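Structure file protein-v1.txt; described as compact mmCIF, C-alpha atoms.
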# COMPACT_ATOMS: atom_id res chain seq x y z
CA MET V 1 8.75 41.07 59.11
CA THR V 2 5.00 41.65 58.67
CA GLU V 3 3.34 43.41 61.60
CA THR V 4 0.21 41.79 62.99
CA MET V 5 -2.87 42.88 64.93
CA THR V 6 -5.68 41.24 66.87
CA ALA V 7 -9.01 40.93 65.07
CA ALA V 8 -12.31 39.04 65.24
CA VAL V 9 -12.37 37.16 61.95
CA MET V 10 -15.55 35.60 60.56
CA HIS V 11 -14.89 32.37 58.65
CA ALA V 12 -18.50 31.19 58.29
CA VAL V 13 -21.90 31.97 59.78
CA GLY V 14 -21.45 31.55 63.52
CA ASP V 15 -17.72 30.89 63.19
CA ILE V 16 -15.94 33.98 64.53
CA ARG V 17 -12.38 33.57 65.78
CA ILE V 18 -9.96 35.89 67.56
CA GLU V 19 -6.80 35.80 65.47
CA GLU V 20 -3.55 37.56 64.78
CA VAL V 21 -3.75 38.87 61.20
CA PRO V 22 -1.53 41.15 59.10
CA LYS V 23 -1.80 44.80 60.09
CA PRO V 24 -3.08 46.84 57.12
CA VAL V 25 -0.94 49.53 55.51
CA ALA V 26 -1.91 52.90 54.09
CA GLY V 27 -1.59 52.93 50.33
CA PRO V 28 -1.65 56.07 48.16
CA GLY V 29 -4.62 58.23 49.10
CA GLU V 30 -5.33 56.12 52.20
CA ALA V 31 -5.01 56.47 55.96
CA LEU V 32 -4.09 53.82 58.49
CA LEU V 33 -6.64 54.10 61.29
CA LYS V 34 -6.14 52.99 64.89
CA VAL V 35 -9.65 51.98 65.95
CA ALA V 36 -10.89 53.88 69.01
CA ALA V 37 -14.37 52.35 69.37
CA CYS V 38 -16.63 50.19 67.23
CA GLY V 39 -20.32 49.75 67.90
CA VAL V 40 -22.48 46.71 67.20
CA CYS V 41 -25.27 47.26 64.70
CA GLY V 42 -28.32 45.03 64.49
CA SER V 43 -27.23 44.12 60.96
CA ASP V 44 -24.05 42.61 62.45
CA LEU V 45 -26.12 40.08 64.39
CA ALA V 46 -27.81 38.80 61.24
CA ARG V 47 -24.62 39.00 59.18
CA MET V 48 -22.52 37.04 61.67
CA PHE V 49 -25.05 34.52 62.98
CA LEU V 50 -27.78 34.18 60.33
CA LYS V 51 -27.22 35.34 56.76
CA GLY V 52 -23.47 35.74 56.26
CA PRO V 53 -21.58 38.57 54.52
CA HIS V 54 -20.65 39.22 50.89
CA LYS V 55 -17.23 37.58 51.26
CA LEU V 56 -15.30 35.33 53.62
CA PRO V 57 -13.15 35.45 55.63
CA LEU V 58 -14.13 38.90 56.86
CA ILE V 59 -13.62 41.25 59.78
CA CYS V 60 -17.04 42.76 60.56
CA GLY V 61 -17.81 46.05 62.31
CA HIS V 62 -18.78 49.31 60.62
CA GLU V 63 -19.88 51.83 63.30
CA PHE V 64 -16.50 53.17 64.33
CA SER V 65 -14.22 56.02 65.19
CA ALA V 66 -10.45 56.02 64.97
CA TRP V 67 -7.27 58.00 65.30
CA VAL V 68 -5.27 58.56 62.14
CA GLU V 69 -2.02 56.63 62.66
CA GLU V 70 -0.33 57.15 59.29
CA VAL V 71 -1.23 58.61 55.92
CA GLY V 72 -0.28 57.38 52.48
CA GLU V 73 1.15 59.25 49.56
CA GLY V 74 -0.81 62.32 48.47
CA VAL V 75 -3.03 62.59 51.57
CA THR V 76 -3.66 66.13 52.81
CA SER V 77 -7.23 65.90 54.19
CA VAL V 78 -6.19 64.32 57.51
CA LYS V 79 -2.99 63.99 59.51
CA PRO V 80 -1.66 61.62 62.18
CA GLY V 81 -3.38 62.16 65.51
CA ASP V 82 -6.71 63.33 64.07
CA LEU V 83 -9.82 61.73 65.57
CA VAL V 84 -12.21 60.76 62.80
CA THR V 85 -15.61 59.19 62.47
CA VAL V 86 -15.71 56.75 59.57
CA PRO V 87 -18.68 56.66 57.18
CA PRO V 88 -18.92 52.93 56.45
CA MET V 89 -20.03 53.22 52.83
CA LEU V 90 -17.43 53.89 50.14
CA PRO V 91 -19.43 55.06 47.12
CA CYS V 92 -18.14 54.65 43.57
CA PHE V 93 -18.92 58.33 42.77
CA LYS V 94 -19.55 57.28 39.15
CA CYS V 95 -22.98 55.60 38.93
CA PRO V 96 -26.13 57.66 38.18
CA PRO V 97 -27.24 57.96 41.85
CA CYS V 98 -23.75 59.06 42.91
CA VAL V 99 -23.57 61.64 40.11
CA GLN V 100 -26.87 63.01 41.46
CA GLY V 101 -25.48 63.09 45.01
CA GLU V 102 -27.65 60.20 46.21
CA PHE V 103 -24.78 58.25 47.72
CA SER V 104 -26.98 55.99 49.87
CA LEU V 105 -28.27 54.54 46.58
CA CYS V 106 -24.84 53.89 45.03
CA GLU V 107 -24.97 50.94 42.64
CA ASP V 108 -21.34 49.84 43.04
CA TYR V 109 -20.27 50.62 46.59
CA ASP V 110 -17.80 49.12 49.02
CA TYR V 111 -18.63 48.85 52.72
CA TYR V 112 -16.58 48.36 55.86
CA GLY V 113 -17.53 45.20 57.72
CA SER V 114 -19.57 43.55 54.97
CA ARG V 115 -17.70 43.93 51.66
CA ARG V 116 -14.27 44.84 53.02
CA ASP V 117 -12.63 44.34 56.40
CA GLY V 118 -14.14 46.42 59.17
CA ALA V 119 -13.32 47.54 62.67
CA TYR V 120 -13.59 44.57 65.01
CA ALA V 121 -9.83 44.89 64.88
CA GLU V 122 -7.04 47.11 66.13
CA TYR V 123 -6.47 48.81 62.76
CA VAL V 124 -8.29 49.56 59.51
CA ALA V 125 -7.04 51.20 56.32
CA GLY V 126 -9.17 53.12 53.83
CA PRO V 127 -9.60 56.19 51.63
CA ALA V 128 -8.53 59.28 53.58
CA ASP V 129 -10.78 61.71 51.71
CA LEU V 130 -13.91 59.88 52.93
CA LEU V 131 -13.11 60.37 56.62
CA LEU V 132 -14.84 63.02 58.71
CA LYS V 133 -12.80 64.79 61.37
CA ALA V 134 -14.46 64.99 64.78
CA PRO V 135 -14.89 68.36 66.49
CA GLU V 136 -12.23 69.24 69.03
CA GLY V 137 -12.87 67.54 72.36
CA LEU V 138 -15.55 65.10 71.15
CA ASP V 139 -15.46 61.77 72.98
CA PRO V 140 -14.25 58.98 70.64
CA ARG V 141 -17.22 56.87 71.79
CA ALA V 142 -19.61 59.56 70.58
CA ALA V 143 -17.75 59.69 67.28
CA ALA V 144 -18.38 55.93 66.92
CA MET V 145 -22.12 56.52 67.29
CA VAL V 146 -22.53 59.06 64.48
CA ASP V 147 -23.66 56.35 62.06
CA PRO V 148 -26.85 55.26 63.92
CA SER V 149 -27.71 58.89 64.63
CA ALA V 150 -27.24 59.85 60.98
CA ILE V 151 -29.39 56.88 59.90
CA ALA V 152 -32.22 58.11 62.14
CA LEU V 153 -31.92 61.67 60.83
CA HIS V 154 -31.78 60.54 57.19
CA ALA V 155 -35.04 58.63 57.72
CA ILE V 156 -36.85 61.51 59.42
CA TRP V 157 -35.78 63.88 56.66
CA ARG V 158 -37.47 61.50 54.23
CA THR V 159 -40.83 62.30 55.89
CA LYS V 160 -43.00 65.41 56.05
CA LEU V 161 -42.48 65.95 59.79
CA ARG V 162 -43.27 69.48 60.95
CA ALA V 163 -43.01 71.19 64.31
CA GLY V 164 -46.05 70.56 66.51
CA GLN V 165 -46.82 67.13 65.07
CA ARG V 166 -47.05 63.71 66.74
CA VAL V 167 -44.35 61.06 66.24
CA ALA V 168 -44.17 57.35 67.08
CA VAL V 169 -40.85 55.51 67.04
CA MET V 170 -41.17 51.73 66.73
CA GLY V 171 -38.24 49.96 68.32
CA GLY V 172 -37.77 53.17 70.23
CA GLY V 173 -35.36 51.71 72.76
CA GLY V 174 -32.63 50.66 70.34
CA PRO V 175 -29.84 53.10 69.41
CA ILE V 176 -31.38 54.23 66.10
CA GLY V 177 -34.76 54.57 67.80
CA LEU V 178 -33.25 56.53 70.70
CA PHE V 179 -31.65 58.94 68.26
CA ALA V 180 -34.92 59.18 66.30
CA VAL V 181 -36.71 60.18 69.52
CA GLN V 182 -34.16 62.93 70.08
CA TRP V 183 -34.22 64.19 66.49
CA ALA V 184 -38.01 64.39 66.55
CA LYS V 185 -37.80 66.53 69.69
CA ILE V 186 -35.07 68.73 68.22
CA MET V 187 -37.26 69.25 65.16
CA GLY V 188 -40.15 70.43 67.33
CA ALA V 189 -42.45 67.43 67.59
CA ALA V 190 -45.24 68.11 70.08
CA GLU V 191 -45.40 64.50 71.25
CA VAL V 192 -43.04 61.54 70.78
CA VAL V 193 -44.16 58.04 71.73
CA ALA V 194 -41.57 55.25 71.81
CA VAL V 195 -42.81 51.71 71.25
CA ASP V 196 -40.76 48.74 72.49
CA VAL V 197 -41.37 45.39 74.16
CA SER V 198 -38.45 45.69 76.58
CA ASP V 199 -39.03 47.44 79.90
CA GLU V 200 -35.33 48.30 80.06
CA LYS V 201 -35.46 49.90 76.62
CA LYS V 202 -38.63 51.80 77.49
CA LYS V 203 -36.71 53.41 80.34
CA LEU V 204 -33.95 54.39 77.90
CA ALA V 205 -36.54 55.92 75.55
CA LEU V 206 -37.91 58.06 78.37
CA GLU V 207 -34.36 59.16 79.18
CA ALA V 208 -33.93 60.09 75.52
CA GLY V 209 -36.90 62.43 75.87
CA ALA V 210 -39.91 60.40 74.77
CA ASP V 211 -43.19 61.64 76.24
CA ALA V 212 -44.33 58.04 76.67
CA ALA V 213 -42.87 54.57 76.16
CA VAL V 214 -45.34 51.74 75.62
CA SER V 215 -45.71 48.23 74.21
CA THR V 216 -47.82 47.36 71.20
CA GLY V 217 -51.41 46.43 72.00
CA PRO V 218 -53.77 48.25 74.37
CA GLU V 219 -51.11 50.68 75.65
CA LEU V 220 -50.33 51.89 72.14
CA ASP V 221 -54.00 51.81 71.05
CA GLU V 222 -54.87 54.14 73.90
CA LEU V 223 -52.37 56.75 72.72
CA THR V 224 -52.87 56.45 68.96
CA GLY V 225 -56.10 58.41 68.59
CA THR V 226 -56.46 59.48 64.96
CA GLY V 227 -52.86 58.49 64.33
CA PHE V 228 -49.32 59.83 64.34
CA ASN V 229 -48.16 62.28 61.70
CA CYS V 230 -44.80 60.52 61.47
CA VAL V 231 -44.02 56.89 62.31
CA VAL V 232 -40.38 55.78 62.31
CA GLU V 233 -40.01 51.98 62.18
CA THR V 234 -36.57 50.78 63.33
CA SER V 235 -37.18 47.23 64.60
CA GLY V 236 -37.46 45.24 61.37
CA VAL V 237 -40.02 42.96 63.06
CA PRO V 238 -42.64 42.06 60.41
CA ALA V 239 -45.64 42.39 62.74
CA VAL V 240 -44.43 45.78 63.94
CA GLU V 241 -44.00 47.01 60.39
CA ASP V 242 -47.68 46.23 59.80
CA ILE V 243 -48.62 48.08 62.99
CA ALA V 244 -46.58 51.09 61.84
CA VAL V 245 -48.86 51.56 58.86
CA GLY V 246 -51.93 51.08 61.05
CA ILE V 247 -51.07 53.94 63.44
CA THR V 248 -50.13 56.54 60.82
CA ALA V 249 -52.48 59.51 60.52
CA ARG V 250 -54.22 60.93 57.46
CA HIS V 251 -51.59 62.32 55.05
CA GLY V 252 -48.93 61.12 57.48
CA SER V 253 -45.63 59.37 56.77
CA ALA V 254 -44.40 55.93 57.81
CA VAL V 255 -40.68 55.50 57.18
CA PHE V 256 -38.98 52.10 57.45
CA ILE V 257 -35.38 51.67 58.61
CA GLY V 258 -35.49 48.21 60.22
CA ILE V 259 -34.33 45.29 58.08
CA PRO V 260 -36.71 42.31 58.32
CA ASN V 261 -35.35 38.77 58.20
CA ALA V 262 -38.75 37.25 57.36
CA PRO V 263 -41.60 38.09 54.95
CA VAL V 264 -43.64 41.19 55.79
CA THR V 265 -47.43 41.18 55.42
CA ILE V 266 -49.52 44.33 55.56
CA SER V 267 -53.03 43.43 56.73
CA LYS V 268 -56.00 44.30 54.53
CA ALA V 269 -57.26 46.78 57.13
CA ASN V 270 -53.93 48.60 57.24
CA TRP V 271 -53.58 48.48 53.46
CA ASP V 272 -57.01 50.06 53.15
CA ARG V 273 -55.96 52.68 55.71
CA MET V 274 -52.81 53.47 53.74
CA MET V 275 -54.81 54.01 50.55
CA ARG V 276 -57.82 55.85 51.93
CA LEU V 277 -55.87 58.16 54.25
CA GLU V 278 -53.22 58.74 51.55
CA ILE V 279 -50.40 57.69 53.84
CA ASP V 280 -46.86 57.95 52.51
CA VAL V 281 -44.91 54.72 53.04
CA GLN V 282 -41.18 55.25 52.53
CA GLY V 283 -38.02 53.25 52.70
CA SER V 284 -34.85 54.66 54.16
CA TRP V 285 -31.45 53.20 53.39
CA ASN V 286 -28.19 54.25 55.03
CA SER V 287 -27.50 57.89 55.82
CA PHE V 288 -25.63 59.65 53.05
CA SER V 289 -26.14 62.74 50.89
CA ALA V 290 -24.09 65.37 49.08
CA PRO V 291 -21.49 66.56 49.72
CA PHE V 292 -20.38 63.17 51.05
CA PRO V 293 -20.99 61.94 53.71
CA GLY V 294 -23.80 64.49 53.95
CA ALA V 295 -25.63 66.85 56.27
CA GLU V 296 -26.89 63.87 58.27
CA TRP V 297 -23.31 63.31 59.47
CA THR V 298 -22.23 66.93 59.92
CA THR V 299 -25.49 67.82 61.67
CA THR V 300 -25.03 64.89 64.06
CA LEU V 301 -21.48 66.00 64.89
CA HIS V 302 -22.67 69.56 65.46
CA HIS V 303 -25.40 68.53 67.88
CA MET V 304 -23.17 66.03 69.67
CA ALA V 305 -20.49 68.67 70.18
CA ALA V 306 -23.12 71.16 71.37
CA GLY V 307 -24.53 68.66 73.87
CA ASN V 308 -27.95 68.52 72.21
CA LEU V 309 -27.77 64.78 71.45
CA LYS V 310 -27.42 62.41 74.39
CA TRP V 311 -25.50 59.21 73.68
CA GLU V 312 -23.61 57.97 76.74
CA PHE V 313 -26.75 56.69 78.50
CA MET V 314 -27.26 54.18 75.67
CA ILE V 315 -23.98 52.33 76.28
CA THR V 316 -24.52 49.06 78.11
CA HIS V 317 -21.16 47.38 77.37
CA GLU V 318 -17.59 48.51 76.71
CA GLU V 319 -15.43 45.48 75.94
CA PRO V 320 -12.13 44.47 74.30
CA VAL V 321 -12.23 43.01 70.81
CA GLU V 322 -11.52 39.56 72.26
CA LYS V 323 -15.13 39.54 73.55
CA VAL V 324 -16.66 39.93 70.06
CA PRO V 325 -17.55 36.25 69.41
CA GLU V 326 -19.25 35.51 72.72
CA LEU V 327 -20.98 38.85 73.26
CA ILE V 328 -22.40 39.25 69.77
CA LYS V 329 -23.59 35.62 69.89
CA ALA V 330 -25.34 36.38 73.19
CA MET V 331 -26.92 39.46 71.61
CA ALA V 332 -28.13 37.43 68.63
CA GLU V 333 -29.63 34.84 70.98
CA ARG V 334 -31.08 37.59 73.21
CA THR V 335 -29.51 36.07 76.32
CA VAL V 336 -28.01 39.40 77.37
CA PHE V 337 -29.65 42.82 77.62
CA SER V 338 -27.90 45.36 75.44
CA SER V 339 -28.57 48.73 73.90
CA LYS V 340 -25.32 50.06 72.48
CA VAL V 341 -22.31 47.74 72.72
CA LEU V 342 -18.92 49.29 72.02
CA PHE V 343 -15.73 47.35 71.45
CA LEU V 344 -12.49 49.15 72.27
CA PRO V 345 -9.83 47.19 70.34
CA ASN V 346 -6.93 49.30 71.60
CA GLY V 347 -7.91 49.45 75.26
CA THR V 348 -9.95 51.69 77.53
CA LEU V 349 -10.31 55.26 76.28
The structure given in the file should be rewritten as structure tokens.
Amino acid sequence: MTETMTAAVMHAVGDIRIEEVPKPVAGPGEALLKVAACGVCGSDLARMFLKGPHKLPLICGHEFSAWVEEVGEGVTSVKPGDLVTVPPMLPCFKCPPCVQGEFSLCEDYDYYGSRRDGAYAEYVAGPADLLLKAPEGLDPRAAAMVDPSAIALHAIWRTKLRAGQRVAVMGGGGPIGLFAVQWAKIMGAAEVVAVDVSDEKKKLALEAGADAAVSTGPELDELTGTGFNCVVETSGVPAVEDIAVGITARHGSAVFIGIPNAPVTISKANWDRMMRLEIDVQGSWNSFSAPFPGAEWTTTLHHMAAGNLKWEFMITHEEPVEKVPELIKAMAERTVFSSKVLFLPNGTL
């Protein structure tokens, strides 16, 4: 008799149902993972309630940690009982970017929660060699938040940030922004300004260590001066992406993480600024490098285990997987305040 599990299954945009589905099995080279915690990413909101995924039906969810339940034939990298954080991308390891160690740019990748079933479910199965064991004693909830932290670090490493410089984080009250604030401080930034429209998220940014948390407009204008050496844009809001260029200093870097769901226009004044001040404008995609999953992930785990990265203050909801449809819909419609939402498919940790 086939074993089943509870999962939030997406059948169409906006059509997410709690169902009993077959429990996955660990094939050769794979591990069966008992999901500990799965976070909600902003991309999930658009995927589930706006744009749709690459295939249907699908179980979404890609920011997760898990305990190894079983291992398939030939697996030696992990064993049952190990707590792992799960890099969501599964590179092909064959295309030119992969051969060069640029796994974030893989041309033929698989991905939990968008191209293959993810972790809004009790169990997931996947390649064992791509898992990353958590340090002894790390909270499983922290292990589920390595992905947004690694994304923030990957982006900052794309810039020319140096100790003593000024940093602005746009969307500074969301999880990626909150980690970007902390990374900038760890790397020696002299001043970090978080920019967000939400008063609740501004408070979170200050708790993360931002020197100031302001809205766009006069508050930000007053602090900008000659500009910020590094601007990290995490919101994906088209107007904010334009502002990001406009507050970057001479020979500074503006790096873009946020995914816009509408056309982006850079004003003539900010375009002129970009050219005349020789501003670097950079994209940042995912969080991976060589050896896979990369120093972004191992550095995050190190600093989490050492207590240098704060994460628990971000969590606004811890819910069972049965709450996925209603809570993520409320997040998409902005009818509930949330920072980091974690689903615990197998019960309270």
Of the listed residues V:Leu56, V:Val237, V:Val341, V:Val192, that which approaches Met314 of chain V most closely, counting only C-alpha atoms: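 Closest residue, counting only C-alpha atoms: V:Val341.
Using all atoms listed in the file, the shortest contact distance between Leu178 of chain V and any of V:Val264, V:Leu342, V:Val197, V:Leu309 is found at V:Leu309.
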Contact residues around Glu70 of chain V with all atoms listed in the file at 7 Å, ignoring same-chain residues under 6 positions, as number ranges by chain: V: 26, 31-32, 80
Could you please determine the separation between atom CA of Ala128 of chain V and atom CA of Ala144 of chain V in Å, to one decimal place? 16.9 Å
Calculated over only C-alpha atoms, which of the candidates V:Ser287, V:Thr6, V:Gln282, V:Ser43 has the smallest distance to Arg158 of chain V?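 Counting only C-alpha atoms, the residue closest to Arg158 of chain V is V:Gln282.
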Computed gap from atom CA of Gly236 of chain V to atom CA of Pro148 of chain V is 14.8 Å
If I take atom CA of Ser104 of chain V and atom CA of Ala184 of chain V, how far is one from the other in Å, to one decimal?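 Separation of atom CA of Ser104 of chain V and atom CA of Ala184 of chain V: 21.7 Å.
All residues of protein, DNA or RNA that reach within 9 Å of Leu132 of chain V, judged by only C-alpha atoms and not counting those fewer than 6 positions away in the chain, are V:Val78, V:Leu83, V:Val84, V:Thr85, V:Val86, V:Pro87, V:Pro293, V:Trp297, V:Thr298.
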Using all atoms listed in the file, can you tell me which of V:Gly252, V:Lys329, V:Asp199, V:Phe288 comes closest to Gly101 of chain V? V:Phe288
Find the residues near Asp196 of chain V: any atom within 6 Å, counting all atoms listed in the file, skip ones fewer than 5 places away on the same chain, and give them as a PyMOL selection string. chain V and resi 171-172+215
